[in-house]
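**Student:** For reference, this is query_31.tsv, and it has TSV, C-alpha atoms.
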chain	number	residue	atom	x	y	z
A	1	MET	CA	235.08	68.53	166.29
A	2	MET	CA	234.21	71.89	164.73
A	3	LYS	CA	234.12	74.78	167.20
A	4	ILE	CA	231.36	77.25	166.37
A	5	GLY	CA	230.61	80.60	167.97
A	6	ILE	CA	227.37	82.50	167.57
A	7	THR	CA	227.02	86.16	168.44
A	8	GLY	CA	223.37	86.79	169.21
A	9	GLN	CA	223.15	83.18	170.34
A	10	THR	CA	220.02	83.78	172.46
A	11	GLY	CA	218.14	85.71	169.77
A	12	PHE	CA	215.49	84.31	167.44
A	13	LEU	CA	217.76	83.06	164.67
A	14	GLY	CA	220.62	82.27	167.07
A	15	THR	CA	218.37	80.03	169.17
A	16	HIS	CA	217.24	77.98	166.17
A	17	LEU	CA	220.79	77.74	164.83
A	18	SER	CA	222.10	76.58	168.22
A	19	ASN	CA	219.35	74.00	168.58
A	20	ASN	CA	220.18	72.52	165.17
A	21	LEU	CA	223.90	72.34	165.92
A	22	ARG	CA	223.16	70.53	169.18
A	23	LEU	CA	221.49	67.75	167.20
A	24	GLU	CA	224.99	66.54	166.26
A	25	PRO	CA	227.15	66.94	169.38
A	26	GLU	CA	229.76	64.59	167.95
A	27	LYS	CA	230.42	67.09	165.12
A	28	TYR	CA	229.94	70.53	166.64
A	29	GLU	CA	230.92	72.31	169.82
A	30	ILE	CA	229.21	75.62	170.50
A	31	ILE	CA	231.56	78.14	172.09
A	32	PRO	CA	229.66	80.15	174.73
A	33	PHE	CA	228.99	83.80	173.94
A	34	GLU	CA	227.42	86.63	175.91
A	35	ARG	CA	226.40	90.07	174.72
A	36	SER	CA	228.72	91.64	177.32
A	37	PHE	CA	231.76	90.27	175.45
A	38	PHE	CA	231.47	93.18	173.01
A	39	ASP	CA	232.26	95.52	175.91
A	40	GLN	CA	235.22	93.50	177.23
A	41	ASP	CA	238.11	93.12	174.78
A	42	GLY	CA	239.74	90.25	176.67
A	43	LEU	CA	236.62	88.10	176.68
A	44	LEU	CA	235.85	88.89	173.05
A	45	ASP	CA	239.42	88.01	172.02
A	46	GLU	CA	239.22	84.74	173.94
A	47	PHE	CA	235.95	83.94	172.20
A	48	VAL	CA	237.15	84.58	168.64
A	49	ALA	CA	240.40	82.68	169.27
A	50	SER	CA	238.39	79.62	170.30
A	51	CYS	CA	236.26	79.42	167.14
A	52	ASP	CA	236.72	77.74	163.80
A	53	ILE	CA	233.53	79.43	162.58
A	54	ILE	CA	231.69	82.49	163.86
A	55	TYR	CA	228.09	83.23	162.96
A	56	HIS	CA	227.74	86.96	163.52
A	57	LEU	CA	224.03	87.40	164.18
A	58	ALA	CA	224.07	90.00	166.96
A	59	ALA	CA	222.20	93.15	165.94
A	60	ILE	CA	219.19	95.23	166.83
A	61	ASN	CA	216.22	95.26	164.48
A	62	ARG	CA	213.98	97.90	166.01
A	63	HIS	CA	214.40	100.97	168.16
A	64	ASP	CA	212.55	104.25	168.61
A	65	ASP	CA	215.66	106.02	167.32
A	66	PRO	CA	216.78	104.65	163.91
A	67	GLN	CA	220.21	106.23	164.41
A	68	ILE	CA	220.84	103.90	167.37
A	69	ILE	CA	220.06	100.91	165.14
A	70	TYR	CA	222.52	102.23	162.55
A	71	GLU	CA	225.36	102.95	164.95
A	72	THR	CA	224.95	99.81	167.05
A	73	ASN	CA	224.98	97.32	164.19
A	74	ILE	CA	228.04	98.88	162.57
A	75	THR	CA	229.83	99.13	165.91
A	76	LEU	CA	229.28	95.42	166.66
A	77	SER	CA	230.94	94.42	163.37
A	78	LYS	CA	233.79	96.87	163.93
A	79	LYS	CA	234.46	95.41	167.37
A	80	LEU	CA	234.45	91.90	165.95
A	81	VAL	CA	236.97	92.88	163.25
A	82	GLU	CA	239.21	94.59	165.81
A	83	SER	CA	239.17	91.47	167.98
A	84	LEU	CA	240.03	89.25	165.02
A	85	GLU	CA	242.98	91.49	164.18
A	86	ARG	CA	244.23	91.58	167.77
A	87	SER	CA	243.94	87.82	168.10
A	88	LYS	CA	245.54	87.16	164.70
A	89	VAL	CA	243.06	84.37	163.94
A	90	LYS	CA	241.10	83.60	160.78
A	91	PRO	CA	237.85	81.82	161.56
A	92	HIS	CA	235.25	81.57	158.83
A	93	ILE	CA	232.87	84.49	159.42
A	94	ILE	CA	229.22	83.96	158.46
A	95	PHE	CA	227.08	87.08	158.59
A	96	SER	CA	223.30	87.50	158.48
A	97	SER	CA	222.19	90.53	156.52
A	98	SER	CA	218.79	91.47	155.16
A	99	LEU	CA	216.91	92.22	151.96
A	100	GLN	CA	216.48	95.65	153.47
A	101	GLU	CA	220.04	96.42	152.37
A	102	SER	CA	218.40	97.78	149.22
A	103	SER	CA	215.79	99.79	151.14
A	104	ASP	CA	216.24	103.37	152.19
A	105	ASN	CA	216.33	102.91	155.96
A	106	LYS	CA	218.90	102.95	158.75
A	107	TYR	CA	218.56	99.25	159.52
A	108	GLY	CA	219.22	98.21	155.92
A	109	ASP	CA	222.13	100.64	155.64
A	110	SER	CA	223.68	99.34	158.86
A	111	LYS	CA	223.49	95.72	157.75
A	112	LYS	CA	225.07	96.51	154.39
A	113	ILE	CA	227.98	98.45	155.93
A	114	ALA	CA	228.50	95.79	158.61
A	115	ARG	CA	228.62	93.09	155.93
A	116	GLU	CA	231.12	95.05	153.85
A	117	LEU	CA	233.39	95.59	156.88
A	118	LEU	CA	233.60	91.86	157.55
A	119	HIS	CA	234.00	91.06	153.85
A	120	GLN	CA	236.92	93.48	153.59
A	121	TRP	CA	238.61	92.00	156.66
A	122	ALA	CA	238.31	88.47	155.26
A	123	ALA	CA	239.62	89.50	151.83
A	124	GLY	CA	242.58	91.28	153.39
A	125	SER	CA	243.49	88.49	155.81
A	126	GLY	CA	242.80	85.52	153.53
A	127	ALA	CA	239.96	84.21	155.70
A	128	SER	CA	236.62	82.86	154.54
A	129	PHE	CA	233.54	85.05	154.66
A	130	THR	CA	229.94	84.23	153.78
A	131	GLY	CA	227.37	87.00	153.83
A	132	PHE	CA	223.73	85.97	153.62
A	133	ILE	CA	221.11	88.38	152.30
A	134	ILE	CA	217.98	87.08	154.01
A	135	PRO	CA	214.25	87.63	153.37
A	136	ASN	CA	211.78	88.20	156.20
A	137	VAL	CA	212.11	85.31	158.65
A	138	TYR	CA	209.30	83.76	160.65
A	139	GLY	CA	208.97	80.74	162.89
A	140	PRO	CA	208.35	79.54	166.44
A	141	PHE	CA	209.52	81.65	169.38
A	142	GLY	CA	210.02	84.92	167.51
A	143	LYS	CA	209.64	88.05	169.61
A	144	PRO	CA	206.37	89.90	168.94
A	145	PHE	CA	206.55	93.57	167.92
A	146	TYR	CA	210.22	92.96	167.11
A	147	ASN	CA	211.19	90.03	164.89
A	148	SER	CA	208.28	89.97	162.44
A	149	PHE	CA	204.62	90.76	161.90
A	150	VAL	CA	204.02	86.99	161.96
A	151	ALA	CA	205.21	86.84	165.58
A	152	THR	CA	203.06	89.84	166.45
A	153	PHE	CA	199.92	88.34	164.86
A	154	CYS	CA	200.44	85.00	166.64
A	155	HIS	CA	201.02	86.69	169.99
A	156	LEU	CA	197.95	88.90	169.73
A	157	LEU	CA	195.57	86.17	168.57
A	158	ASN	CA	196.66	83.86	171.37
A	159	ASN	CA	196.41	86.55	174.04
A	160	GLY	CA	193.05	88.16	173.38
A	161	GLY	CA	194.31	90.81	170.98
A	162	TYR	CA	193.29	91.64	167.44
A	163	PRO	CA	195.89	92.48	164.76
A	164	GLU	CA	195.36	95.54	162.61
A	165	ILE	CA	196.65	95.77	159.05
A	166	LYS	CA	197.59	99.27	157.96
A	167	VAL	CA	199.17	98.37	154.60
A	168	ASP	CA	198.49	95.06	152.87
A	169	ASN	CA	201.95	94.51	151.43
A	170	GLU	CA	203.26	91.41	149.69
A	171	VAL	CA	206.09	90.09	151.87
A	172	PRO	CA	208.81	87.60	150.89
A	173	LEU	CA	209.05	85.05	153.71
A	174	ILE	CA	211.33	82.21	154.73
A	175	TYR	CA	210.71	79.73	157.53
A	176	VAL	CA	213.46	79.87	160.14
A	177	GLN	CA	214.28	76.14	159.89
A	178	ASN	CA	214.67	76.38	156.12
A	179	LEU	CA	216.99	79.35	156.62
A	180	VAL	CA	219.07	77.57	159.26
A	181	LEU	CA	219.62	74.56	156.99
A	182	LYS	CA	220.89	76.85	154.23
A	183	MET	CA	223.15	78.71	156.65
A	184	LEU	CA	224.61	75.45	157.94
A	185	GLU	CA	225.71	74.52	154.43
A	186	ALA	CA	228.32	77.30	154.60
A	187	ILE	CA	230.33	75.61	157.36
A	188	HIS	CA	231.52	72.94	154.93
A	189	ILE	CA	233.47	75.39	152.77
A	190	LYS	CA	237.11	74.25	152.69
A	191	ALA	CA	239.16	76.69	150.60
A	192	PRO	CA	239.17	80.34	151.78
A	193	ARG	CA	236.73	82.46	149.81
A	194	GLN	CA	234.61	85.54	150.30
A	195	VAL	CA	231.06	85.38	148.96
A	196	THR	CA	227.70	87.06	149.40
A	197	VAL	CA	224.66	84.82	148.91
A	198	GLU	CA	221.05	85.87	148.44
A	199	ILE	CA	218.79	83.38	150.17
A	200	PRO	CA	215.61	82.84	148.12
A	201	GLU	CA	212.31	83.23	149.92
A	202	ASP	CA	209.97	80.28	150.39
A	203	GLY	CA	207.24	82.40	148.86
A	204	THR	CA	205.68	85.85	148.78
A	205	TYR	CA	202.39	86.37	150.61
A	206	LYS	CA	200.00	89.21	151.36
A	207	VAL	CA	199.71	90.25	154.98
A	208	THR	CA	195.92	89.70	154.82
A	209	GLU	CA	196.52	86.17	153.54
A	210	ILE	CA	198.63	85.37	156.60
A	211	LEU	CA	196.07	86.86	158.98
A	212	GLU	CA	193.21	84.91	157.37
A	213	LEU	CA	195.19	81.71	157.84
A	214	PHE	CA	195.80	82.50	161.51
A	215	HIS	CA	192.12	83.27	162.06
A	216	ARG	CA	191.30	79.81	160.68
A	217	PHE	CA	193.82	78.23	163.06
A	218	GLN	CA	192.37	80.18	165.98
A	219	GLN	CA	188.76	79.32	165.19
A	220	ASN	CA	189.32	75.64	164.45
A	221	TYR	CA	192.31	74.55	166.52
A	222	THR	CA	192.43	76.84	169.54
A	223	SER	CA	188.70	77.28	170.06
A	224	SER	CA	187.30	73.95	168.81
A	225	GLY	CA	190.19	71.47	168.95
A	226	ILE	CA	189.90	70.74	165.22
A	227	MET	CA	193.20	69.83	163.54
A	228	PRO	CA	193.34	72.13	160.48
A	229	SER	CA	194.01	70.86	156.99
A	230	LEU	CA	197.59	71.71	156.03
A	231	ASP	CA	197.87	71.58	152.27
A	232	SER	CA	201.47	72.72	151.89
A	233	ASP	CA	204.77	73.00	153.73
A	234	PHE	CA	204.01	76.70	154.12
A	235	GLN	CA	200.73	76.03	155.94
A	236	ARG	CA	202.38	73.42	158.15
A	237	ASN	CA	205.18	75.84	159.04
A	238	MET	CA	202.70	78.61	159.77
A	239	PHE	CA	200.62	76.27	161.95
A	240	ASN	CA	203.68	75.20	163.96
A	241	THR	CA	204.57	78.85	164.34
A	242	PHE	CA	201.05	79.82	165.44
A	243	ARG	CA	200.73	77.12	168.07
A	244	SER	CA	204.12	77.94	169.59
A	245	TYR	CA	202.48	81.13	170.93
A	246	ILE	CA	199.69	79.30	172.77
A	247	ASN	CA	199.99	79.56	176.53
A	248	HIS	CA	200.38	75.82	177.03
A	249	LYS	CA	200.10	75.98	180.83
A	250	ASP	CA	196.67	77.58	180.56
A	251	HIS	CA	195.41	75.78	177.45
A	252	PHE	CA	196.32	72.16	178.25
A	253	PRO	CA	195.24	69.60	179.18
A	254	VAL	CA	192.01	69.80	177.18
A	255	ARG	CA	189.54	67.30	178.60
A	256	TYR	CA	187.70	64.91	176.33
A	257	VAL	CA	183.93	64.73	176.55
A	258	GLN	CA	182.93	61.23	177.66
A	259	HIS	CA	179.58	59.70	176.74
A	260	SER	CA	178.96	56.81	179.12
A	261	ASP	CA	176.08	54.38	179.60
A	262	GLU	CA	175.57	50.76	180.59
A	263	ARG	CA	177.38	49.58	177.44
A	264	GLY	CA	180.62	51.45	178.19
A	265	THR	CA	182.14	54.77	177.14
A	266	PHE	CA	182.49	56.63	173.83
A	267	VAL	CA	185.02	59.46	173.41
A	268	GLU	CA	185.78	61.62	170.38
A	269	ILE	CA	189.58	62.06	170.23
A	270	ILE	CA	190.15	64.51	167.40
A	271	ARG	CA	188.43	66.22	164.53
A	272	LEU	CA	190.41	66.75	161.34
A	273	GLU	CA	189.39	69.71	159.21
A	274	GLN	CA	189.98	67.82	156.00
A	275	HIS	CA	189.88	64.18	157.02
A	276	GLY	CA	187.09	63.71	159.54
A	277	GLN	CA	187.37	62.64	163.15
A	278	VAL	CA	188.87	59.92	165.35
A	279	SER	CA	187.09	58.46	168.37
A	280	PHE	CA	187.31	55.49	170.69
A	281	SER	CA	184.91	53.43	172.71
A	282	THR	CA	185.00	50.96	175.54
A	283	THR	CA	182.43	48.17	175.48
A	284	VAL	CA	181.64	45.84	178.34
A	285	PRO	CA	181.48	42.07	177.71
A	286	GLY	CA	178.37	40.82	175.91
A	287	VAL	CA	177.29	44.26	174.61
A	288	THR	CA	176.70	45.06	170.93
A	289	ARG	CA	177.13	48.54	169.46
A	290	GLY	CA	175.97	49.85	166.11
A	291	ASN	CA	173.32	48.15	163.99
A	292	HIS	CA	173.18	51.04	161.59
A	293	PHE	CA	174.38	51.97	158.10
A	294	HIS	CA	175.57	55.05	156.20
A	295	THR	CA	174.92	56.21	152.64
A	296	ARG	CA	178.04	58.36	152.23
A	297	LYS	CA	180.28	58.16	155.29
A	298	ILE	CA	183.60	56.31	155.21
A	299	GLU	CA	184.28	54.53	158.49
A	300	ARG	CA	186.97	52.29	159.99
A	301	PHE	CA	186.77	50.19	163.16
A	302	SER	CA	190.11	49.26	164.75
A	303	VAL	CA	190.19	46.85	167.68
A	304	ILE	CA	193.17	47.53	169.93
A	305	LYS	CA	192.26	45.62	173.10
A	306	GLY	CA	189.88	42.75	173.79
A	307	LYS	CA	187.95	40.47	171.46
A	308	ALA	CA	185.28	41.63	169.05
A	309	LEU	CA	182.87	40.28	166.50
A	310	ILE	CA	182.09	42.70	163.65
A	311	GLU	CA	179.13	41.89	161.43
A	312	LEU	CA	178.08	43.54	158.17
A	313	ARG	CA	175.03	43.02	155.96
A	314	ARG	CA	174.11	44.88	152.83
A	315	VAL	CA	170.69	46.36	153.47
A	316	ASP	CA	169.14	44.67	150.43
A	317	SER	CA	170.69	41.26	151.15
A	318	ASP	CA	170.39	38.48	153.73
A	319	GLU	CA	174.11	37.59	153.63
A	320	VAL	CA	175.95	38.46	156.86
A	321	LEU	CA	179.72	38.92	156.84
A	322	SER	CA	181.39	38.12	160.17
A	323	PHE	CA	184.88	39.13	161.30
A	324	LYS	CA	186.60	38.23	164.55
A	325	LEU	CA	189.23	40.71	165.77
A	326	ASP	CA	191.56	40.42	168.74
A	327	GLY	CA	193.56	43.22	170.35
A	328	GLN	CA	196.46	40.79	170.71
A	329	ASN	CA	196.87	41.35	166.95
A	330	PRO	CA	195.36	44.82	166.36
A	331	SER	CA	193.37	44.97	163.12
A	332	TYR	CA	190.58	46.90	161.45
A	333	VAL	CA	187.52	46.54	159.26
A	334	ASP	CA	186.21	49.32	157.00
A	335	MET	CA	182.45	49.79	156.77
A	336	PRO	CA	181.06	49.90	153.21
A	337	ILE	CA	178.16	52.27	152.52
A	338	TRP	CA	174.71	50.69	152.49
A	339	TYR	CA	175.93	47.91	154.78
A	340	THR	CA	174.40	47.86	158.23
A	341	HIS	CA	177.06	46.93	160.75
A	342	ASN	CA	177.71	46.26	164.41
A	343	ILE	CA	180.49	45.35	166.82
A	344	LYS	CA	180.08	43.04	169.81
A	345	ASN	CA	182.38	42.37	172.74
A	346	VAL	CA	182.74	38.56	172.67
A	347	GLY	CA	185.58	38.46	175.20
A	348	GLU	CA	185.76	38.48	178.98
A	349	GLU	CA	187.41	41.90	179.35
A	350	GLU	CA	186.51	45.41	178.28
A	351	LEU	CA	186.79	45.99	174.53
A	352	TYR	CA	188.68	49.04	173.24
A	353	THR	CA	187.88	50.17	169.70
A	354	MET	CA	189.21	53.13	167.72
A	355	PHE	CA	186.96	54.70	165.09
A	356	TRP	CA	187.84	56.93	162.17
A	357	ILE	CA	185.15	58.55	160.04
A	358	ASN	CA	185.71	60.99	157.19
A	359	GLU	CA	183.35	63.72	158.43
A	360	PHE	CA	182.28	65.26	161.71
A	361	TYR	CA	179.13	64.03	163.38
A	362	ASN	CA	176.29	66.39	162.55
A	363	PRO	CA	173.06	65.75	164.48
A	364	GLN	CA	171.11	67.66	161.78
A	365	ASP	CA	172.51	65.39	159.05
A	366	PRO	CA	173.92	62.27	160.74
A	367	ASP	CA	173.68	59.92	157.71
A	368	THR	CA	173.00	57.13	160.21
A	369	TYR	CA	170.08	54.72	159.71
A	370	PHE	CA	169.34	52.06	162.32
A	371	VAL	CA	168.74	48.57	161.00
A	372	THR	CA	169.67	45.33	162.78
A	373	VAL	CA	172.31	43.27	161.03
Will you turn the file into structure tokens for me?
**Tutor:**
Amino acid sequence: MMKIGITGQTGFLGTHLSNNLRLEPEKYEIIPFERSFFDQDGLLDEFVASCDIIYHLAAINRHDDPQIIYETNITLSKKLVESLERSKVKPHIIFSSSLQESSDNKYGDSKKIARELLHQWAAGSGASFTGFIIPNVYGPFGKPFYNSFVATFCHLLNNGGYPEIKVDNEVPLIYVQNLVLKMLEAIHIKAPRQVTVEIPEDGTYKVTEILELFHRFQQNYTSSGIMPSLDSDFQRNMFNTFRSYINHKDHFPVRYVQHSDERGTFVEIIRLEQHGQVSFSTTVPGVTRGNHFHTRKIERFSVIKGKALIELRRVDSDEVLSFKLDGQNPSYVDMPIWYTHNIKNVGEEELYTMFWINEFYNPQDPDTYFVTV
């Protein structure tokens, strides 16, 4: 059992790191840490003496006074080194620094000096040290106006605000889960060594590009319930980040619109920005639905409960194709274009059918022509 401590355990990166470690409780034990330990030598010494590995993530990113950022971040590393020396222990220290080390600002300077302090301690004591130089991190649960502009954009768009872009920079970004997986690799180092590792970004993106993507998510997903097309890992990660800022208690549940008549009920379940929509219907015994054809639409009928007869006939032919489906063995039939088709409940209970079609229903261009099979 590897005992791992995390300073800044309740922060953005610390939370994601902790959650990942908890996925394997048989391998890792997380040693509890509180911010107050830095002000109580006895508790800090007890903490460092209990750890095989310490991720030093505690820092402040933003403050009205840049000097406070500078002094605080250096002081935290100094206190950690002093505790290690008092306790005479040599845990592997893993430190999170920033690409801003090379920028001319107090935050970047503080991270660089803090990293060098820990590196020097490890080299002098024969302990392992891994310093990570990290790009801009984004992901679910980041603190708006603090962790990243991504968090700020997501917060504003989901709370009635409107982000403003003052400078459209290109920003190197890494998704927090990708970063955590790279940081976890360091715990498997066996022989003592002191290294600094630059974490590569997932990609570099303009701020306007990110905002445009979020506007699409807001318009389609939040406002209309349409599942957006996600053409890359980056878009999937951004979408998962965006929807983590939705006020779930206020937004859900979203009620389906039911269309009911004497035949049963029809409900549209989901629209997919790139791949159409999914719906379901209930049909009472003896009732037939459909008797229409399409010239371009791709459609699938899936029977999941009850017994159905599906019939198809090419519009320029007299041959009728018949298929019997039973929800006891769920199955589907795809509807070819230019084939009029129907589905009939031939059982004694209500029939449940799922439908997928590759485009949204558009009453101005339905591509639906009624002809009896």
**Student:** List the spatial neighbours of Leu43 in chain A as a list in words - criterion: any atom at most 12 Å away, only C-alpha atoms, same-chain residues fewer than 3 positions off excluded.
**Tutor:**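 The filter keeps Pro32, Phe33, Glu34, Arg35, Ser36, Phe37, Phe38, Asp39, Gln40, Glu46, Phe47, Val48, Ala49, Ser50, Leu80, Ser83 and Ser87 of chain A.
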**Student:** From the list A:Leu118, A:Gly11, A:Pro144, A:Thr196, which residue is nearest Ser98 in chain A when using only C-alpha atoms?
**Tutor:**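 Among A:Leu118, A:Gly11, A:Pro144, A:Thr196, it is A:Thr196 that comes nearest to Ser98 in chain A.
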**Student:** Choose the residue, out of A:Lys78, A:Lys27, A:Tyr175, A:Phe132, that has the smallest atom-to-atom separation from Gln120 in chain A; count all atoms listed in the file.
**Tutor:**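 For Gln120 in chain A, the nearest of the given residues is A:Lys78.
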**Student:** Calculated over all atoms listed in the file, which of the candidates A:Met1, A:Val171, A:Ile53, A:Leu312 has the smallest distance to Val371 in chain A?
**Tutor:**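 Closest to Val371 in chain A of all the choices is A:Leu312.
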**Student:** Let me make sure I understand: among A:Gly161, A:Pro200, A:Pro336, A:Pro25, which one has the smallest atom-to-atom distance to Ile134 in chain A if we use only C-alpha atoms?
**Tutor:** A:Pro200
**Student:** Excluding Phe217 in chain A and residues on its chain fewer than 3 positions from it, collect all residues at most 12 Å away from it, counting all atoms listed in the file, and give them as a count of residues only.
**Tutor:** 30
**Student:** Edge lengths and centre in Å to one decimal, as AutoDock Vina command-line options, of the axis-aligned box that encloses all listed atoms of range 26-38 of chain A with 3 Å added on every side?
**Tutor:**
--center_x 229.1 --center_y 78.9 --center_z 171.2 --size_x 11.4 --size_y 34.6 --size_z 18.2
**Student:** Which protein, DNA or RNA residues are at most 7 Å from (172.4, 49.8, 161.4) in the file's coordinates when you count all atoms listed in the file, listed as a PyMOL selection string?
**Tutor:** chain A and resi 290-293+340-341+369-373
**Student:** Please measure the separation of CA of Val315 in chain A and CA of Lys297 in chain A, giving the value in Å to one decimal.
**Tutor:**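 One can read the CA of Val315 in chain A to CA of Lys297 in chain A distance as 15.3 Å.
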**Student:** Distance CA of Ala151 in chain A-CA of Pro163 in chain A, one decimal place?
**Tutor:** 10.9 Å
**Student:** Which one of A:Tyr70, A:Gly131, A:Ser110, A:Asp65 sits closest to Ser96 in chain A if you count all atoms listed in the file?
**Tutor:**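 Using all atoms listed in the file, the shortest distance to Ser96 in chain A belongs to A:Gly131.
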**Student:** Can you list, as a PyMOL selection string, every protein, DNA or RNA residue that comes within 7 Å of range 165-168 of chain A when you count all atoms listed in the file, leaving out same-chain residues fewer than 2 positions away?
**Tutor:** chain A and resi 163+170+206-208
**Student:** Distance CA of Trp356 in chain A-CA of Val333 in chain A, one decimal place?
**Tutor:**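 Value for the CA of Trp356 in chain A-CA of Val333 in chain A distance: 10.8 Å.
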**Student:** Within 7 Å of (224.4, 84.3, 166.0), only C-alpha atoms: residues as a ChimeraX atom specification?
**Tutor:** /A:6-9,13-14,55-58
**Student:** Which neighbours of range 18-24 of chain A fall inside 10 Å, counting only C-alpha atoms, when residues of the same chain fewer than 4 positions from it are skipped, and could you give them as a list in words?
**Tutor:** Ile4, Gly5, Ile6, Gln9, Thr10, Leu13, Gly14, Tyr28, Glu29, Ile30, Gln177, Val180, Leu181 and Leu184 of chain A
**Student:** Would you please work out which residue, of A:Ser148, A:Ser281, A:Thr75, A:Asn362, is nearest to Ala114 in chain A when using only C-alpha atoms?
**Tutor:**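 Distance minimum relative to Ala114 in chain A lands on A:Thr75.
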**Student:** Leaving out range 300-303 of chain A and any residue of its chain fewer than 3 positions from it, which residues lie within 6 Å of it when counting only C-alpha atoms, given as a list in words?
**Tutor:** Gly327, Pro330, Ser331, Tyr332, Val333, Asp334, Thr353, Met354, Phe355 and Trp356 of chain A
